[in-house]
file start_22.txt (compact mmCIF, C-alpha atoms)
# COMPACT_ATOMS: atom_id res chain seq x y z
CA MET A 1 98.72 107.87 22.45
CA THR A 2 99.82 108.78 25.95
CA ARG A 3 102.11 106.51 27.91
CA LEU A 4 100.99 105.75 31.45
CA PRO A 5 103.56 105.75 34.28
CA ASP A 6 105.94 102.79 34.25
CA LEU A 7 105.28 100.11 36.79
CA GLY A 8 108.93 99.10 36.64
CA TYR A 9 110.57 95.71 36.79
CA MET A 10 108.41 92.82 37.93
CA ALA A 11 109.63 89.56 39.35
CA LYS A 12 106.28 87.93 38.53
CA PRO A 13 104.94 89.63 35.44
CA THR A 14 101.92 88.55 33.45
CA THR A 15 102.73 86.86 30.13
CA ALA A 16 100.50 89.38 28.35
CA ASP A 17 98.13 92.03 29.59
CA GLY A 18 94.48 90.96 29.64
CA LEU A 19 95.17 87.49 31.04
CA MET A 20 94.57 86.13 34.51
CA CYS A 21 97.61 84.67 36.27
CA ASN A 22 97.33 82.08 38.99
CA GLU A 23 100.38 80.11 40.02
CA VAL A 24 98.42 78.17 42.62
CA ASP A 25 96.19 76.38 40.11
CA ARG A 26 99.07 75.64 37.75
CA PRO A 27 102.16 75.05 39.87
CA ASP A 28 103.93 73.16 37.10
CA ALA A 29 103.52 75.88 34.47
CA ALA A 30 106.61 77.70 33.25
CA ARG A 31 107.43 80.84 35.22
CA PRO A 32 109.10 83.96 33.85
CA LEU A 33 112.44 85.07 35.24
CA GLY A 34 111.17 88.63 35.21
CA GLY A 35 109.76 91.24 32.95
CA GLU A 36 108.36 94.67 32.45
CA TYR A 37 105.01 96.18 31.50
CA TRP A 38 104.12 99.42 29.75
CA SER A 39 100.80 100.82 28.66
CA TRP A 40 99.45 103.65 26.56
CA VAL A 41 96.02 105.20 26.25
CA GLN A 42 94.38 107.16 23.52
CA GLY A 43 92.98 110.54 24.54
CA SER A 44 92.03 110.63 28.18
CA GLY A 45 92.02 106.88 28.55
CA LYS A 46 88.30 106.41 28.79
CA LEU A 47 86.79 103.00 28.17
CA SER A 48 85.40 104.38 24.93
CA GLU A 49 88.95 104.77 23.58
CA VAL A 50 91.63 102.35 22.56
CA SER A 51 94.51 101.41 24.85
CA VAL A 52 97.64 99.37 24.31
CA SER A 53 99.87 97.40 26.65
CA GLU A 54 103.23 95.78 26.04
CA VAL A 55 104.82 93.12 28.20
CA ILE A 56 108.32 91.71 27.74
CA THR A 57 109.21 88.65 29.75
CA GLY A 58 112.33 86.52 30.00
CA TRP A 59 112.13 82.75 30.48
CA ASP A 60 114.32 79.72 30.93
CA ASP A 61 112.18 78.08 28.28
CA ALA A 62 110.13 80.66 26.37
CA ALA A 63 109.04 78.10 23.76
CA ARG A 64 107.38 76.04 26.46
CA ALA A 65 105.77 79.14 27.93
CA LEU A 66 104.29 80.04 24.53
CA ASP A 67 103.05 76.48 23.99
CA GLU A 68 101.38 76.53 27.39
CA LEU A 69 99.73 79.86 26.61
CA ARG A 70 98.39 78.46 23.33
CA ALA A 71 96.90 75.54 25.24
CA ASP A 72 95.49 77.96 27.83
CA LYS A 73 97.41 76.06 30.49
CA GLY A 74 100.16 78.52 31.26
CA GLN A 75 100.86 80.62 34.32
CA CYS A 76 98.28 83.03 32.89
CA VAL A 77 95.03 82.06 31.19
CA PHE A 78 92.29 83.80 29.25
CA LEU A 79 89.40 85.41 31.07
CA ASP A 80 87.06 85.43 28.09
CA PRO A 81 86.52 83.08 25.14
CA TYR A 82 89.31 83.58 22.64
CA LYS A 83 89.73 83.01 18.94
CA GLU A 84 93.00 82.22 17.24
CA LEU A 85 93.62 84.61 14.35
CA SER A 86 97.03 83.47 13.22
CA SER A 87 99.61 81.04 14.47
CA GLY A 88 103.23 80.35 13.62
CA ALA A 89 106.05 78.50 15.29
CA ASP A 90 106.95 81.49 17.43
CA ARG A 91 104.07 83.86 16.92
CA TRP A 92 100.46 83.82 18.00
CA VAL A 93 97.62 86.30 17.56
CA VAL A 94 94.27 85.90 19.27
CA SER A 95 91.24 88.01 20.03
CA THR A 96 88.89 87.73 22.94
CA GLN A 97 85.30 88.78 23.26
CA GLY A 98 83.98 90.05 26.56
CA GLU A 99 82.99 93.24 28.29
CA ILE A 100 85.88 94.77 26.39
CA ASP A 101 87.25 93.02 23.31
CA LEU A 102 90.98 92.78 22.97
CA VAL A 103 93.67 91.47 20.67
CA ILE A 104 96.79 89.80 22.03
CA ALA A 105 99.74 89.43 19.67
CA ILE A 106 102.74 87.61 21.06
CA GLN A 107 106.06 86.51 19.64
CA ARG A 108 108.96 84.51 21.01
CA VAL A 109 112.43 85.75 20.28
CA ASN A 110 114.82 83.14 21.72
CA HIS A 111 114.16 83.17 25.46
CA VAL A 112 112.05 86.32 25.40
CA LEU A 113 108.30 86.71 24.89
CA VAL A 114 107.12 90.05 23.53
CA ALA A 115 103.38 90.58 23.91
CA VAL A 116 101.19 93.44 22.74
CA THR A 117 97.58 93.79 23.86
CA VAL A 118 95.21 96.20 22.16
CA TYR A 119 91.97 96.93 23.99
CA ALA A 120 89.13 97.85 21.68
CA PRO A 121 86.98 100.77 22.79
CA LYS A 122 84.02 99.53 24.79
CA GLY A 123 81.23 98.47 22.46
CA GLN A 124 83.53 97.86 19.49
CA ARG A 125 84.64 94.45 18.24
CA ALA A 126 88.28 93.38 18.22
CA ALA A 127 88.42 92.73 14.48
CA ALA A 128 89.27 96.33 13.66
CA TYR A 129 92.30 96.21 15.93
CA VAL A 130 94.02 93.07 14.68
CA GLN A 131 96.16 94.81 12.09
CA PRO A 132 97.28 97.58 14.49
CA ALA A 133 98.18 94.91 17.06
CA GLU A 134 100.27 93.00 14.52
CA LYS A 135 102.08 96.18 13.46
CA LEU A 136 102.79 97.08 17.05
CA LEU A 137 104.09 93.58 17.74
CA ALA A 138 106.48 93.84 14.80
CA ALA A 139 107.71 97.19 16.13
CA ALA A 140 108.04 95.83 19.65
CA VAL A 141 110.06 92.82 18.48
CA LYS A 142 112.30 95.17 16.49
CA ARG A 143 112.90 97.27 19.62
CA ALA A 144 113.67 94.19 21.67
CA ARG A 145 116.20 93.02 19.09
CA GLU A 146 117.77 96.49 18.88
CA VAL A 147 118.63 96.52 22.57
CA GLY A 148 120.04 93.00 22.41
CA LEU A 149 117.35 91.41 24.55
CA ALA A 150 116.92 88.47 22.24
CA LYS A 151 120.61 87.56 22.28
CA ARG A 152 120.99 86.85 25.96
CA MET B 1 92.28 95.40 35.52
CA ARG B 2 89.99 98.18 34.36
CA ARG B 3 90.57 101.68 33.09
CA LEU B 4 88.47 104.49 34.50
CA GLY B 5 89.38 107.91 33.23
CA ASN B 6 92.84 108.65 34.59
CA LEU B 7 92.66 105.71 36.89
CA THR B 8 93.52 102.07 36.47
CA ILE B 9 92.00 99.67 38.96
CA GLY B 10 93.60 96.28 39.44
CA ILE B 11 92.24 93.43 41.53
CA SER B 12 94.20 90.28 42.33
CA VAL B 13 92.47 87.32 43.94
CA PHE B 14 94.59 84.55 45.39
CA GLY B 15 92.66 81.35 45.83
CA ALA B 16 93.30 78.08 47.56
CA PRO B 17 94.55 75.10 45.51
CA ALA B 18 91.05 73.64 45.29
CA ASP B 19 89.46 76.83 43.97
CA SER B 20 88.52 76.86 40.33
CA THR B 21 89.78 79.48 37.93
CA THR B 22 86.19 80.35 37.04
CA LEU B 23 85.34 81.02 40.66
CA LEU B 24 88.38 83.26 41.08
CA ALA B 25 87.58 85.14 37.87
CA ASP B 26 83.98 85.70 38.95
CA THR B 27 85.14 86.91 42.35
CA ALA B 28 87.69 89.27 40.84
CA THR B 29 85.11 90.66 38.40
CA LYS B 30 82.61 91.33 41.16
CA LEU B 31 85.27 93.03 43.28
CA LEU B 32 86.31 95.08 40.28
CA ASP B 33 82.71 96.24 39.80
CA ILE B 34 82.56 97.31 43.44
CA ALA B 35 85.94 99.04 43.22
CA GLU B 36 84.83 100.90 40.09
CA LYS B 37 81.62 102.08 41.74
CA ARG B 38 83.48 103.32 44.81
CA ALA B 39 86.14 105.02 42.70
CA ARG B 40 83.45 106.83 40.69
CA ASN B 41 81.63 107.85 43.86
CA ALA B 42 84.88 109.26 45.26
CA GLY B 43 85.60 111.15 42.04
CA ALA B 44 88.83 109.26 41.52
CA ASP B 45 88.11 108.78 37.83
CA THR B 46 88.14 112.51 37.11
CA ALA B 47 90.94 113.54 39.46
CA THR B 48 94.29 114.80 38.15
CA TYR B 49 97.22 112.61 38.98
CA VAL B 50 100.88 113.56 39.16
CA ALA B 51 103.57 110.90 39.05
CA ALA B 52 105.47 110.67 42.31
CA PRO B 53 109.23 111.22 42.03
CA ARG B 54 111.22 108.04 41.88
CA PRO B 55 113.19 107.30 45.05
CA GLN B 56 116.86 108.19 44.80
CA PRO B 57 119.60 105.71 45.75
CA SER B 58 120.43 106.04 49.42
CA THR B 59 123.64 105.30 51.30
CA THR B 60 121.77 104.69 54.53
CA THR B 61 120.56 101.32 55.68
CA PRO B 62 117.19 100.65 54.07
CA THR B 63 114.32 100.27 56.46
CA SER B 64 112.07 98.55 53.94
CA PRO B 65 112.53 95.02 52.64
CA THR B 66 115.29 94.67 50.08
CA PRO B 67 113.72 94.47 46.61
CA GLU B 68 114.15 91.24 44.76
CA PRO B 69 117.11 91.29 42.39
CA ALA B 70 116.16 91.61 38.76
CA LEU B 71 116.84 88.18 37.28
CA PHE B 72 115.94 89.44 33.85
CA PRO B 73 116.39 93.20 33.67
CA ILE B 74 114.81 94.86 30.66
CA PRO B 75 116.73 97.74 29.03
CA SER B 76 114.66 100.91 28.87
CA GLY B 77 115.07 101.11 25.10
CA ALA B 78 113.14 97.87 24.66
CA LYS B 79 109.70 99.38 24.98
CA LEU B 80 107.58 100.69 22.13
CA ARG B 81 107.92 104.36 21.25
CA LEU B 82 105.17 106.71 20.19
CA ALA B 83 106.56 106.65 16.65
CA ASP B 84 105.77 102.92 16.52
CA PHE B 85 102.04 103.50 16.84
CA PRO B 86 100.11 103.34 13.60
CA GLY B 87 98.98 106.77 12.51
CA SER B 88 101.43 108.59 14.74
CA GLY B 89 103.26 109.89 11.70

call {"tool": "encode", "arguments": {"input": "start_22.txt", "output": "structure tokens"}}
result
Amino acid sequence: MTRLPDLGYMAKPTTADGLMCNEVDRPDAARPLGGEYWSWVQGSGKLSEVSVSEVITGWDDAARALDELRADKGQCVFLDPYKELSSGADRWVVSTQGEIDLVIAIQRVNHVLVAVTVYAPKGQRAAAYVQPAEKLLAAAVKRAREVGLAKR
Amino acid sequence: MRRLGNLTIGISVFGAPADSTTLLADTATKLLDIAEKRARNAGADTATYVAAPRPQPSTTTPTSPTPEPALFPIPSGAKLRLADFPGSG
């Protein structure tokens, strides 16, 4: 995988890559305090290859933000029909089916949301990328804990 | 957002309060299709890109708007590393 250039700190980050954010339609939805976004591509980054994005966001109330996302009523909503693959108190994994299938795996760690999005290569279904997404989420949460993000 | 070779194209559509999410999504998708076509026509998908150097801290008065303070700064070590990717060894 090749990491794409950092976009840096964002005052209004998306909750997870692959969603559509619109604060006008949902003015009462929870808003992140800030966050950062990174992405990686396989090979040359063509649509026929897999790509991965990670978003870490900080919230006043991350539990509420995750609940709103589950209800598709958060600051960011799904563009395509989505299917819940697994759900826990603080963890949620879904796949969407559209022009490009993707898997979004997200976990709350105190007031932080860690989200990993895996884009399936164009023409391939998301199912094959669920396990990689879950592994990457576990690694991402571990990294977030290591730097003390989850303690603040 | 759509990947196109070395290029990533992002379209944001800001609607009015009465606009539906579906309408905005359809609009953004159509604009993205147009942007992709124009990028391909211009050869932007096969061009080689070099990251611009990050601006260095300056002691002079900034002429651009002051960036918003980071309310929730993220330590650089928080992001995934290549070793975290399945199959990376």

call {"tool": "closest_residue", "arguments": {"input": "start_22.txt", "among": "A:Ala139, A:Val109, A:Val41, A:Ala144", "to": "A:Leu66", "atoms": "all atoms listed in the file"}}
result
A:Val109

call {"tool": "closest_residue", "arguments": {"input": "start_22.txt", "among": "B:Ala25, B:Arg2, B:Arg40, B:Gly10", "to": "A:Cys76", "atoms": "only C-alpha atoms"}}
result
B:Ala25

call {"tool": "residues_around", "arguments": {"input": "start_22.txt", "residues": "stretch 52-65 of chain A", "least_positions_apart": "3", "cutoff": "7 Å", "atoms": "only C-alpha atoms", "output": "list in words"}}
result
Thr15, Ala16, Asp17, Ala30, Arg31, Pro32, Leu33, Gly34, Gly35, Glu36, Tyr37, Trp38, Ser39, Trp40, Val41, Glu68, Leu69, Gly74, Arg108, His111, Val112, Leu113, Val114, Ala115, Val116, Thr117, Val118 and Tyr119 of chain A; Phe72 of chain B

call {"tool": "atom_distance", "arguments": {"input": "start_22.txt", "atom1": "atom CA of A:Lys73", "atom2": "atom CA of A:Val24"}}
result
12.4 Å

call {"tool": "closest_atom_pairs", "arguments": {"input": "start_22.txt", "of": "chain B", "to": "chain A", "cutoff": "9 Å", "atoms": "all atoms listed in the file", "output": "CSV"}}
result
residue,atom,partner,partner_atom,distance
B:Met1,CA,A:Gly18,CA,7.7
B:Arg2,CA,A:Leu47,CA,8.5
B:Arg3,CA,A:Leu47,CA,6.3
B:Leu4,CA,A:Lys46,CA,6.0
B:Gly5,CA,A:Lys46,CA,4.8
B:Asn6,CA,A:Gly45,CA,6.3
B:Leu7,CA,A:Gly45,CA,8.4
B:Ser12,CA,A:Met20,CA,8.9
B:Val13,CA,A:Asn22,CA,8.7
B:Phe14,CA,A:Asn22,CA,7.4
B:Gly15,CA,A:Val24,CA,7.3
B:Ala16,CA,A:Val24,CA,7.1
B:Pro17,CA,A:Val24,CA,5.7
B:Ala18,CA,A:Asp25,CA,7.8
B:Asp19,CA,A:Asp25,CA,7.8
B:Ser20,CA,A:Asp25,CA,7.7
B:Thr21,CA,A:Asp25,CA,7.4
B:Thr22,CA,A:Leu79,CA,8.5
B:Ala25,CA,A:Leu79,CA,7.0
B:Ala51,CA,A:Pro5,CA,7.0
B:Glu68,CA,A:Ala11,CA,7.2
B:Pro69,CA,A:Ala11,CA,8.3
B:Ala70,CA,A:Gly34,CA,6.8
B:Leu71,CA,A:Leu33,CA,5.8
B:Phe72,CA,A:Gly34,CA,5.0
B:Pro73,CA,A:Gly35,CA,7.0
B:Ile74,CA,A:Gly35,CA,6.6
B:Pro75,CA,A:Val147,CA,6.8
B:Ser76,CA,A:Val147,CA,8.6
B:Gly77,CA,A:Val147,CA,6.3
B:Ala78,CA,A:Ala144,CA,4.8
B:Lys79,CA,A:Arg143,CA,6.6
B:Leu80,CA,A:Ala140,CA,5.5
B:Arg81,CA,A:Ala140,CA,8.7
B:Leu82,CA,A:Met1,CA,6.9
B:Asp84,CA,A:Ala139,CA,6.1
B:Phe85,CA,A:Leu136,CA,6.5
B:Pro86,CA,A:Pro132,CA,6.5
B:Ser88,CA,A:Met1,CA,8.2

call {"tool": "atom_distance", "arguments": {"input": "start_22.txt", "atom1": "atom CA of A:Pro121", "atom2": "atom CA of A:Gln97"}}
result
12.1 Å

call {"tool": "atom_distance", "arguments": {"input": "start_22.txt", "atom1": "atom CA of A:Arg125", "atom2": "atom CA of A:Asp101"}}
result
5.9 Å

call {"tool": "residues_around", "arguments": {"input": "start_22.txt", "residues": "A:Glu134", "least_positions_apart": "5", "cutoff": "9 Å", "atoms": "all atoms listed in the file", "output": "ChimeraX atom specification"}}
result
/A:93,104-106,116,129,139
